file work.txt (compact mmCIF, C-alpha atoms)
# COMPACT_ATOMS: atom_id res chain seq x y z
CA MET A 1 1.07 2.40 -16.82
CA THR A 2 -2.70 2.93 -16.79
CA ARG A 3 -4.32 5.58 -14.61
CA ARG A 4 -5.95 2.81 -12.57
CA ALA A 5 -2.64 1.02 -12.06
CA LEU A 6 -0.95 4.24 -11.03
CA ALA A 7 -3.70 4.86 -8.50
CA ILE A 8 -3.08 1.43 -6.98
CA LEU A 9 0.65 2.04 -6.69
CA THR A 10 0.24 5.45 -5.06
CA ALA A 11 -2.79 4.84 -2.84
CA ALA A 12 -2.83 6.98 0.33
CA MET A 13 -2.95 5.27 3.71
CA SER A 14 -5.70 7.46 5.19
CA VAL A 15 -9.34 6.45 5.58
CA THR A 16 -12.52 8.51 5.59
CA ILE A 17 -14.69 7.68 8.57
CA ALA A 18 -18.45 7.61 7.99
CA ALA A 19 -21.06 7.96 10.70
CA CYS A 20 -22.11 4.49 11.82
CA GLY A 21 -25.82 3.83 11.47
CA SER A 22 -26.53 7.09 9.65
CA ASP A 23 -27.90 7.52 6.15
CA THR A 24 -25.09 7.59 3.62
CA PRO A 25 -25.42 9.45 0.30
CA ALA A 26 -26.28 6.93 -2.41
CA PRO A 27 -28.37 6.68 -5.56
CA ALA A 28 -32.15 6.63 -5.21
CA ALA A 29 -33.50 3.31 -3.92
CA GLU A 30 -34.97 2.34 -7.29
CA GLN A 31 -31.48 2.66 -8.82
CA LEU A 32 -29.81 0.33 -6.32
CA PRO A 33 -29.27 -3.36 -7.11
CA GLN A 34 -31.61 -5.69 -5.24
CA ALA A 35 -28.86 -7.85 -3.73
CA PRO A 36 -26.80 -6.39 -0.86
CA GLN A 37 -23.50 -4.74 -1.82
CA ILE A 38 -20.63 -4.21 0.63
CA LEU A 39 -18.85 -0.89 0.05
CA PRO A 40 -15.78 -0.30 2.29
CA ASN A 41 -14.36 3.13 3.16
CA ALA A 42 -10.79 1.84 2.75
CA GLN A 43 -8.89 3.38 -0.16
CA GLU A 44 -7.59 0.70 -2.53
CA GLY A 45 -8.18 -1.98 0.09
CA VAL A 46 -6.00 -0.42 2.82
CA ILE A 47 -6.92 0.76 6.32
CA GLY A 48 -4.11 2.93 7.63
CA PHE A 49 -2.99 4.24 11.01
CA ALA A 50 -0.90 7.36 11.54
CA LEU A 51 2.74 7.08 12.67
CA SER A 52 2.86 6.44 16.42
CA VAL A 53 5.56 6.09 19.05
CA GLN A 54 6.13 3.08 21.29
CA GLY A 55 3.27 2.55 23.77
CA GLU A 56 0.89 4.94 21.98
CA SER A 57 -2.58 3.63 21.12
CA GLN A 58 -4.84 4.60 18.23
CA SER A 59 -8.19 3.48 16.89
CA VAL A 60 -9.74 3.70 13.42
CA ASP A 61 -13.08 2.51 12.09
CA ALA A 62 -13.47 0.22 9.13
CA VAL A 63 -16.84 1.32 7.76
CA PHE A 64 -18.98 -0.64 5.31
CA VAL A 65 -22.05 0.74 3.54
CA ASN A 66 -24.79 -1.44 2.08
CA GLY A 67 -25.17 -0.28 -1.51
CA GLY A 68 -28.02 -2.72 -2.26
CA THR A 69 -31.72 -2.84 -1.44
CA ASP A 70 -31.80 -6.09 0.56
CA PRO A 71 -30.21 -6.15 4.06
CA LEU A 72 -26.47 -6.82 4.24
CA VAL A 73 -25.63 -9.47 6.86
CA LEU A 74 -22.06 -9.96 8.06
CA THR A 75 -21.50 -13.58 9.06
CA SER A 76 -17.84 -13.39 10.09
CA ILE A 77 -15.34 -10.69 11.12
CA GLU A 78 -11.73 -11.77 11.63
CA LEU A 79 -8.58 -9.74 12.25
CA VAL A 80 -5.46 -11.71 11.28
CA PRO A 81 -2.17 -10.11 12.38
CA HIS A 82 0.95 -10.83 10.32
CA GLN A 83 3.60 -10.52 13.01
CA THR A 84 2.15 -8.98 16.18
CA THR A 85 -0.93 -9.05 18.40
CA ALA A 86 -0.86 -5.26 18.71
CA PHE A 87 -4.17 -5.00 16.78
CA THR A 88 -7.53 -5.62 18.46
CA LEU A 89 -11.16 -5.46 17.34
CA GLY A 90 -13.61 -3.28 19.23
CA HIS A 91 -17.40 -3.31 19.66
CA VAL A 92 -19.17 -3.47 16.31
CA GLU A 93 -22.17 -1.21 15.72
CA PRO A 94 -24.85 -2.33 14.97
CA ALA A 95 -24.29 -5.44 17.07
CA SER A 96 -26.77 -7.44 14.98
CA LEU A 97 -24.24 -7.26 12.09
CA THR A 98 -27.18 -6.43 9.83
CA VAL A 99 -27.04 -3.33 7.66
CA GLU A 100 -30.11 -1.92 6.00
CA SER A 101 -30.01 -0.35 2.55
CA ARG A 102 -27.86 2.83 2.39
CA HIS A 103 -26.80 2.44 6.03
CA ALA A 104 -23.36 1.65 7.47
CA ILE A 105 -21.70 -0.67 9.95
CA GLY A 106 -18.55 0.32 11.82
CA ILE A 107 -15.78 -2.03 12.95
CA PRO A 108 -13.33 -0.32 15.35
CA ILE A 109 -9.72 -1.48 15.12
CA SER A 110 -7.19 -0.48 17.80
CA PHE A 111 -3.41 -0.54 17.58
CA THR A 112 -0.87 -0.15 20.38
CA CYS A 113 2.60 0.51 19.01
CA PRO A 114 5.11 -2.11 20.24
CA GLY A 115 8.09 -0.18 18.86
CA ARG A 116 9.78 0.65 15.58
CA GLY A 117 8.47 -1.15 12.50
CA VAL A 118 5.67 -1.46 9.97
CA TYR A 119 2.91 -3.67 11.35
CA LEU A 120 0.39 -5.45 9.12
CA ALA A 121 -2.86 -7.34 9.61
CA ASP A 122 -5.73 -8.57 7.42
CA LEU A 123 -9.36 -7.73 8.16
CA VAL A 124 -11.45 -10.54 6.64
CA ILE A 125 -15.20 -9.96 6.27
CA LYS A 126 -17.65 -12.66 5.18
CA SER A 127 -21.21 -11.67 4.34
CA ASN A 128 -24.14 -12.19 2.00
CA ALA A 129 -22.89 -9.37 -0.26
CA ALA A 130 -23.28 -10.11 -3.94
CA ASN A 131 -20.14 -8.19 -4.93
CA TYR A 132 -17.68 -9.48 -2.27
CA PRO A 133 -18.95 -12.50 -0.26
CA GLU A 134 -15.45 -12.57 1.29
CA LEU A 135 -13.57 -9.28 1.46
CA THR A 136 -10.01 -8.86 2.76
CA LEU A 137 -8.63 -5.43 3.63
CA GLN A 138 -5.05 -4.84 4.74
CA VAL A 139 -4.48 -2.97 7.99
CA VAL A 140 -1.18 -1.06 8.17
CA ALA A 141 0.34 0.72 11.17
CA PRO A 142 3.77 2.41 11.16
CA GLY A 143 5.57 2.62 14.49
CA ALA A 144 8.57 4.53 15.77
CA GLY A 145 10.62 3.82 18.88
CA LEU A 146 10.18 5.72 22.13
CA ARG A 147 10.07 8.90 20.06
CA VAL A 148 10.10 9.84 16.40
CA PRO A 149 13.78 10.44 15.49
CA GLU A 150 14.86 13.78 14.05
CA ALA A 151 16.38 12.02 11.03
CA ALA A 152 14.83 10.16 8.11
CA ASP A 153 14.20 6.47 8.82
CA ILE A 154 13.46 4.09 5.92
CA GLU A 155 11.67 0.78 6.48
CA PRO A 156 10.09 -1.65 3.97
CA PHE A 157 6.65 -3.17 4.53
CA GLU A 158 8.12 -6.52 3.48
CA SER A 159 11.79 -7.42 3.02
CA THR A 160 10.85 -9.93 0.28
CA VAL A 161 8.23 -9.51 -2.46
CA THR A 162 7.08 -12.02 -5.07
CA LEU A 163 5.94 -11.29 -8.61
CA ALA A 164 2.25 -12.12 -8.89
CA THR A 165 -0.91 -11.09 -10.71
CA THR A 166 -2.00 -7.71 -9.33
CA ALA A 167 -5.41 -6.09 -9.77
CA GLY A 168 -5.26 -3.22 -12.26
CA LEU A 169 -1.95 -4.28 -13.81
CA ALA A 170 -1.59 -6.05 -17.15
CA VAL A 171 1.65 -7.83 -16.16
CA PRO A 172 2.81 -9.77 -13.05
CA ALA A 173 4.41 -7.44 -10.51
CA GLY A 174 5.98 -7.34 -7.09
CA LEU A 175 5.15 -4.19 -5.13
CA VAL A 176 7.97 -2.66 -3.08
CA ARG A 177 6.48 -0.51 -0.31
CA LEU A 178 8.61 1.82 1.78
CA TYR A 179 7.72 3.88 4.88
CA ASN A 180 9.48 6.88 6.38
CA LEU A 181 9.34 6.22 10.13
CA GLY A 182 11.50 9.25 10.95
CA GLY A 183 10.76 12.84 11.84
CA ALA A 184 12.61 14.35 8.86
CA SER A 185 11.94 14.03 5.14
CA LEU A 186 13.34 10.91 3.49
CA GLU A 187 15.20 11.58 0.24
CA LEU A 188 15.00 8.56 -2.05
CA GLN A 189 18.04 9.11 -4.24
CA ARG A 190 18.26 6.00 -6.39
CA TYR A 191 16.40 2.77 -7.22
CA SER A 192 18.25 -0.04 -8.98
CA VAL A 193 17.68 -3.71 -9.78
CA VAL A 194 20.76 -5.95 -9.56
CA ASP A 195 19.54 -8.61 -12.03
CA THR A 196 18.49 -6.46 -14.99
CA THR A 197 18.39 -9.51 -17.28
CA ASN A 198 15.27 -10.86 -15.58
CA PHE A 199 13.73 -7.95 -13.66
CA ALA A 200 12.74 -4.36 -14.51
CA PHE A 201 10.67 -1.57 -13.03
CA LEU A 202 7.10 -1.27 -14.22
CA SER A 203 6.76 1.01 -17.23
CA GLY A 204 6.06 4.57 -16.11
CA THR A 205 7.63 4.15 -12.66
CA ALA A 206 9.34 7.24 -11.27
CA VAL A 207 12.91 5.96 -10.80
CA PRO A 208 15.17 8.39 -8.93
CA GLY A 209 18.80 8.28 -10.04
CA ALA A 210 18.07 6.56 -13.36
CA VAL A 211 20.14 7.76 -16.31
CA CYS A 212 18.19 10.16 -18.50
CA ALA A 213 18.73 12.53 -21.42
CA PRO A 214 17.30 16.06 -21.03
CA GLY A 215 14.75 16.81 -23.73
CA ALA A 216 14.58 13.19 -24.88
CA ALA A 217 11.61 10.86 -24.52
CA CYS A 218 11.75 9.21 -21.09
CA VAL A 219 10.99 5.53 -21.76
CA PRO A 220 12.52 2.36 -20.30
CA VAL A 221 15.16 0.45 -22.19
CA SER A 222 15.32 -3.34 -22.25
CA GLY A 223 16.02 -4.87 -18.86
CA ALA A 224 16.27 -1.59 -16.93
CA ALA A 225 14.54 1.69 -16.32
CA GLN A 226 17.40 3.92 -17.45
CA GLY A 227 16.05 6.98 -19.17
CA CYS A 228 12.68 6.61 -17.44
CA CYS A 229 11.97 9.45 -15.04
CA GLY A 230 8.24 8.95 -14.72
CA ASN A 231 7.02 12.32 -13.42
CA LEU A 232 10.48 13.30 -12.13
CA THR A 233 12.74 15.95 -13.64
CA CYS A 234 15.86 14.90 -15.52
CA VAL A 235 18.69 16.82 -13.85
CA ALA A 236 21.64 17.28 -16.23
CA GLU A 237 24.18 18.91 -13.96
CA PRO A 238 27.10 19.11 -14.17
CA ALA A 239 26.87 17.62 -17.69
CA PRO A 240 24.60 15.27 -19.66
CA PRO A 241 23.62 12.51 -19.57
CA GLY A 242 21.66 13.33 -16.46
CA ASN A 243 19.86 11.51 -13.70
CA CYS A 244 16.24 11.52 -12.60
CA GLU A 245 15.80 13.70 -9.52
CA SER A 246 15.26 12.37 -5.99
CA ILE A 247 11.87 11.68 -4.42
CA LEU A 248 11.08 13.32 -1.07
CA LEU A 249 8.91 11.41 1.39
CA GLY A 250 7.58 13.24 4.45
CA PRO A 251 7.51 11.82 8.00
CA GLY A 252 4.95 9.06 8.43
CA ARG A 253 4.38 8.72 4.67
CA PHE A 254 4.90 5.76 2.36
CA ILE A 255 5.57 5.07 -1.30
CA VAL A 256 5.00 2.08 -3.58
CA PHE A 257 6.68 1.07 -6.82
CA GLY A 258 6.50 -2.07 -8.91
CA VAL A 259 8.99 -4.56 -10.32
CA THR A 260 8.09 -6.93 -13.16
CA TRP A 261 9.79 -9.27 -15.63
CA ALA A 262 12.31 -7.74 -18.03
CA SER A 263 11.66 -8.21 -21.73
CA GLY A 264 14.54 -10.70 -21.94
CA ALA A 265 13.67 -12.68 -18.81
CA GLN A 266 14.39 -16.40 -19.02
CA SER A 267 11.98 -19.16 -17.97
CA GLY A 268 12.48 -20.51 -14.48
CA SER A 269 12.80 -19.20 -10.92
CA HIS A 270 14.73 -15.97 -10.37
CA THR A 271 15.70 -13.81 -7.41
CA SER A 272 17.27 -10.37 -7.31
CA ALA A 273 17.98 -7.53 -4.94
CA VAL A 274 16.32 -4.16 -5.40
CA LEU A 275 18.57 -1.47 -3.94
CA ILE A 276 17.16 1.79 -2.59
CA GLN A 277 19.61 4.55 -1.73
CA SER A 278 18.46 7.34 0.58
CA ASN A 279 19.53 9.89 3.17
CA ASP A 280 18.72 7.55 6.08
CA PRO A 281 21.86 7.90 8.24
CA ASP A 282 21.65 4.29 9.43
CA THR A 283 20.65 2.60 6.16
CA ALA A 284 22.16 4.42 3.21
CA THR A 285 21.26 1.47 0.95
CA LEU A 286 18.20 -0.67 1.66
CA ASP A 287 18.05 -4.16 0.13
CA VAL A 288 14.63 -5.62 -0.77
CA THR A 289 14.51 -9.08 -2.35
CA VAL A 290 12.25 -9.70 -5.36
CA SER A 291 11.57 -13.20 -6.65
CA GLY A 292 9.30 -15.09 -9.01
CA THR A 293 8.87 -17.99 -11.39
CA LYS A 294 8.36 -17.18 -15.06

call {"tool": "encode", "arguments": {"input": "work.txt", "output": "structure tokens"}}
result
Amino acid sequence: MTRRALAILTAAMSVTIAACGSDTPAPAAEQLPQAPQILPNAQEGVIGFALSVQGESQSVDAVFVNGGTDPLVLTSIELVPHQTTAFTLGHVEPASLTVESRHAIGIPISFTCPGRGVYLADLVIKSNAANYPELTLQVVAPGAGLRVPEAADIEPFESTVTLATTAGLAVPAGLVRLYNLGGASLELQRYSVVDTTNFAFLSGTAVPGAVCAPGAACVPVSGAAQGCCGNLTCVAEPAPPGNCESILLGPGRFIVFGVTWASGAQSGSHTSAVLIQSNDPDTATLDVTVSGTK
């Protein structure tokens, strides 16, 4: 997997908030392109909220800097929730929706936690920017119940993912994204694909529980990720062959891994379960469906 692809799969959910309306460090004016450029503060296209309990409200700012010389003019701002109206847009500053060169515009987004779950929305910005005339950022908010439980609590972003072309990846992939909504560390003990004839983990994926050989080259075999530890240690106790060690995910954190076509995949439509085993006391094995047409 390329460094860029790995960055996409492990992007953090935090955002860096810039001061609205203030000068933002940028190249000298003569080095800027003439046309307006919209530069978001979201990392890898994601605006993330911290884990919250039911009824708790939070607000974050989506900040966009004009990296061009000409004024940046936003013509449309739309927040499209996937499954809840718990997200709302606040007052935008500046209200003219016009951003001078090297200045910023801030779009406040509020979220009131309706209960346990991972809540998603799309922030769609249309403007006269030369680089992204229409820009879509995903808004993600993890929620607990009335309080964060003392145990680990696994929850997928989506219960079904579809193989598709993904920026930064050379092959079609479906991204499985998992959140720990609990108050204790989540131990991801094993990933496995049921249909290994048609589906496999992306090359280089850290696959806990995969079969591995200590001291041997960790590379995937056809149709599966056995032997591929990624950056995990191959634990050979009590005797080889061993297994790739578990992955620990702290409270309020998430992880992403990719599934693609196996080398022997047949033409046609295929569906498989991806099984994730963990120390969640209520969901020892989580089932995420992956599908696609080759």

call {"tool": "closest_residue", "arguments": {"input": "work.txt", "among": "A:Phe254, A:Phe199, A:Phe49, A:Tyr132", "to": "A:Gly182", "atoms": "only C-alpha atoms"}}
result
A:Phe254

call {"tool": "closest_residue", "arguments": {"input": "work.txt", "among": "A:Glu158, A:Glu187, A:Asp122, A:Asp280", "to": "A:Gly250", "atoms": "all atoms listed in the file"}}
result
A:Glu187

call {"tool": "closest_residue", "arguments": {"input": "work.txt", "among": "A:Leu169, A:Ile38, A:Leu79, A:Leu163", "to": "A:Ser269", "atoms": "only C-alpha atoms"}}
result
A:Leu163

call {"tool": "closest_residue", "arguments": {"input": "work.txt", "among": "A:Gln83, A:Ala129, A:Ile107, A:Gly45", "to": "A:Gly67", "atoms": "all atoms listed in the file"}}
result
A:Ala129

call {"tool": "atom_distance", "arguments": {"input": "work.txt", "atom1": "atom CA of A:Ser110", "atom2": "atom CA of A:Thr88"}}
result
5.2 Å

call {"tool": "closest_residue", "arguments": {"input": "work.txt", "among": "A:Val193, A:Trp261, A:Gly106, A:Arg253", "to": "A:Ala170", "atoms": "only C-alpha atoms"}}
result
A:Trp261

call {"tool": "atom_distance", "arguments": {"input": "work.txt", "atom1": "atom CA of A:Val194", "atom2": "atom CA of A:Pro142"}}
result
28.1 Å

call {"tool": "closest_residue", "arguments": {"input": "work.txt", "among": "A:Leu275, A:His270, A:Ala86, A:Val148", "to": "A:Thr293", "atoms": "only C-alpha atoms"}}
result
A:His270

call {"tool": "decode", "arguments": {"input": "work.txt", "residues": "stretch 61-87 of chain A", "atoms": "N, CA, C and O atoms", "output": "mmCIF file, in the first residue's frame"}}
result
data_model
loop_
_atom_site.group_PDB
_atom_site.id
_atom_site.type_symbol
_atom_site.label_atom_id
_atom_site.label_comp_id
_atom_site.auth_asym_id
_atom_site.auth_seq_id
_atom_site.Cartn_x
_atom_site.Cartn_y
_atom_site.Cartn_z
ATOM 1 N N ASP A 61 -16.048 23.934 13.879
ATOM 2 C CA ASP A 61 -16.048 24.832 12.733
ATOM 3 C C ASP A 61 -15.389 24.162 11.542
ATOM 4 O O ASP A 61 -14.260 23.673 11.649
ATOM 5 N N ALA A 62 -16.087 24.158 10.425
ATOM 6 C CA ALA A 62 -15.457 23.810 9.157
ATOM 7 C C ALA A 62 -14.883 25.107 8.614
ATOM 8 O O ALA A 62 -15.607 26.083 8.395
ATOM 9 N N VAL A 63 -13.559 25.145 8.435
ATOM 10 C CA VAL A 63 -12.886 26.377 8.046
ATOM 11 C C VAL A 63 -12.280 26.207 6.660
ATOM 12 O O VAL A 63 -11.650 25.190 6.362
ATOM 13 N N PHE A 64 -12.476 27.217 5.817
ATOM 14 C CA PHE A 64 -11.966 27.173 4.450
ATOM 15 C C PHE A 64 -11.135 28.424 4.192
ATOM 16 O O PHE A 64 -11.601 29.542 4.403
ATOM 17 N N VAL A 65 -9.914 28.215 3.727
ATOM 18 C CA VAL A 65 -9.003 29.313 3.402
ATOM 19 C C VAL A 65 -8.977 29.506 1.888
ATOM 20 O O VAL A 65 -9.033 28.534 1.131
ATOM 21 N N ASN A 66 -8.912 30.749 1.466
ATOM 22 C CA ASN A 66 -8.751 31.053 0.045
ATOM 23 C C ASN A 66 -7.265 31.085 -0.280
ATOM 24 O O ASN A 66 -6.541 31.992 0.117
ATOM 25 N N GLY A 67 -6.799 30.076 -1.018
ATOM 26 C CA GLY A 67 -5.401 29.985 -1.380
ATOM 27 C C GLY A 67 -5.093 30.597 -2.729
ATOM 28 O O GLY A 67 -4.018 30.349 -3.289
ATOM 29 N N GLY A 68 -6.024 31.410 -3.270
ATOM 30 C CA GLY A 68 -5.787 32.098 -4.539
ATOM 31 C C GLY A 68 -5.756 33.599 -4.341
ATOM 32 O O GLY A 68 -5.978 34.114 -3.243
ATOM 33 N N THR A 69 -5.509 34.325 -5.418
ATOM 34 C CA THR A 69 -5.451 35.785 -5.348
ATOM 35 C C THR A 69 -6.835 36.411 -5.471
ATOM 36 O O THR A 69 -7.179 37.337 -4.741
ATOM 37 N N ASP A 70 -7.656 35.935 -6.393
ATOM 38 C CA ASP A 70 -9.006 36.476 -6.558
ATOM 39 C C ASP A 70 -9.903 36.048 -5.401
ATOM 40 O O ASP A 70 -9.665 35.016 -4.759
ATOM 41 N N PRO A 71 -10.969 36.830 -5.101
ATOM 42 C CA PRO A 71 -11.872 36.474 -4.002
ATOM 43 C C PRO A 71 -12.554 35.126 -4.237
ATOM 44 O O PRO A 71 -12.936 34.788 -5.356
ATOM 45 N N LEU A 72 -12.692 34.375 -3.156
ATOM 46 C CA LEU A 72 -13.437 33.116 -3.156
ATOM 47 C C LEU A 72 -14.871 33.411 -2.739
ATOM 48 O O LEU A 72 -15.104 34.007 -1.683
ATOM 49 N N VAL A 73 -15.848 33.002 -3.556
ATOM 50 C CA VAL A 73 -17.255 33.265 -3.267
ATOM 51 C C VAL A 73 -17.992 31.939 -3.140
ATOM 52 O O VAL A 73 -18.055 31.152 -4.095
ATOM 53 N N LEU A 74 -18.552 31.684 -1.947
ATOM 54 C CA LEU A 74 -19.357 30.484 -1.739
ATOM 55 C C LEU A 74 -20.780 30.769 -2.192
ATOM 56 O O LEU A 74 -21.401 31.756 -1.758
ATOM 57 N N THR A 75 -21.294 29.944 -3.076
ATOM 58 C CA THR A 75 -22.634 30.155 -3.617
ATOM 59 C C THR A 75 -23.684 29.265 -2.961
ATOM 60 O O THR A 75 -24.879 29.530 -3.057
ATOM 61 N N SER A 76 -23.231 28.189 -2.293
ATOM 62 C CA SER A 76 -24.185 27.272 -1.666
ATOM 63 C C SER A 76 -23.497 26.516 -0.533
ATOM 64 O O SER A 76 -22.362 26.063 -0.681
ATOM 65 N N ILE A 77 -24.187 26.402 0.603
ATOM 66 C CA ILE A 77 -23.727 25.606 1.747
ATOM 67 C C ILE A 77 -24.878 24.712 2.166
ATOM 68 O O ILE A 77 -25.955 25.198 2.539
ATOM 69 N N GLU A 78 -24.683 23.407 2.098
ATOM 70 C CA GLU A 78 -25.759 22.469 2.435
ATOM 71 C C GLU A 78 -25.226 21.370 3.345
ATOM 72 O O GLU A 78 -24.162 20.808 3.099
ATOM 73 N N LEU A 79 -25.978 21.092 4.403
ATOM 74 C CA LEU A 79 -25.639 20.003 5.316
ATOM 75 C C LEU A 79 -26.673 18.899 5.135
ATOM 76 O O LEU A 79 -27.860 19.096 5.405
ATOM 77 N N VAL A 80 -26.223 17.738 4.652
ATOM 78 C CA VAL A 80 -27.133 16.642 4.313
ATOM 79 C C VAL A 80 -26.931 15.493 5.287
ATOM 80 O O VAL A 80 -25.947 14.741 5.193
ATOM 81 N N PRO A 81 -27.822 15.318 6.265
ATOM 82 C CA PRO A 81 -27.668 14.215 7.222
ATOM 83 C C PRO A 81 -27.992 12.875 6.577
ATOM 84 O O PRO A 81 -28.849 12.792 5.696
ATOM 85 N N HIS A 82 -27.312 11.812 7.025
ATOM 86 C CA HIS A 82 -27.572 10.481 6.481
ATOM 87 C C HIS A 82 -28.772 9.823 7.158
ATOM 88 O O HIS A 82 -29.581 9.179 6.502
ATOM 89 N N GLN A 83 -28.853 9.952 8.488
ATOM 90 C CA GLN A 83 -29.903 9.208 9.180
ATOM 91 C C GLN A 83 -30.520 9.964 10.361
ATOM 92 O O GLN A 83 -31.363 9.444 11.053
ATOM 93 N N THR A 84 -30.121 11.211 10.597
ATOM 94 C CA THR A 84 -30.659 11.942 11.731
ATOM 95 C C THR A 84 -30.571 13.431 11.457
ATOM 96 O O THR A 84 -29.754 13.888 10.654
ATOM 97 N N THR A 85 -31.450 14.194 12.107
ATOM 98 C CA THR A 85 -31.412 15.652 11.993
ATOM 99 C C THR A 85 -30.668 16.261 13.178
ATOM 100 O O THR A 85 -30.883 17.419 13.524
ATOM 101 N N ALA A 86 -29.796 15.501 13.799
ATOM 102 C CA ALA A 86 -29.077 15.969 14.985
ATOM 103 C C ALA A 86 -28.013 17.003 14.658
ATOM 104 O O ALA A 86 -27.451 17.629 15.553
ATOM 105 N N PHE A 87 -27.687 17.193 13.357
ATOM 106 C CA PHE A 87 -26.705 18.193 12.935
ATOM 107 C C PHE A 87 -27.421 19.473 12.503
ATOM 108 O O PHE A 87 -28.464 19.421 11.853
#
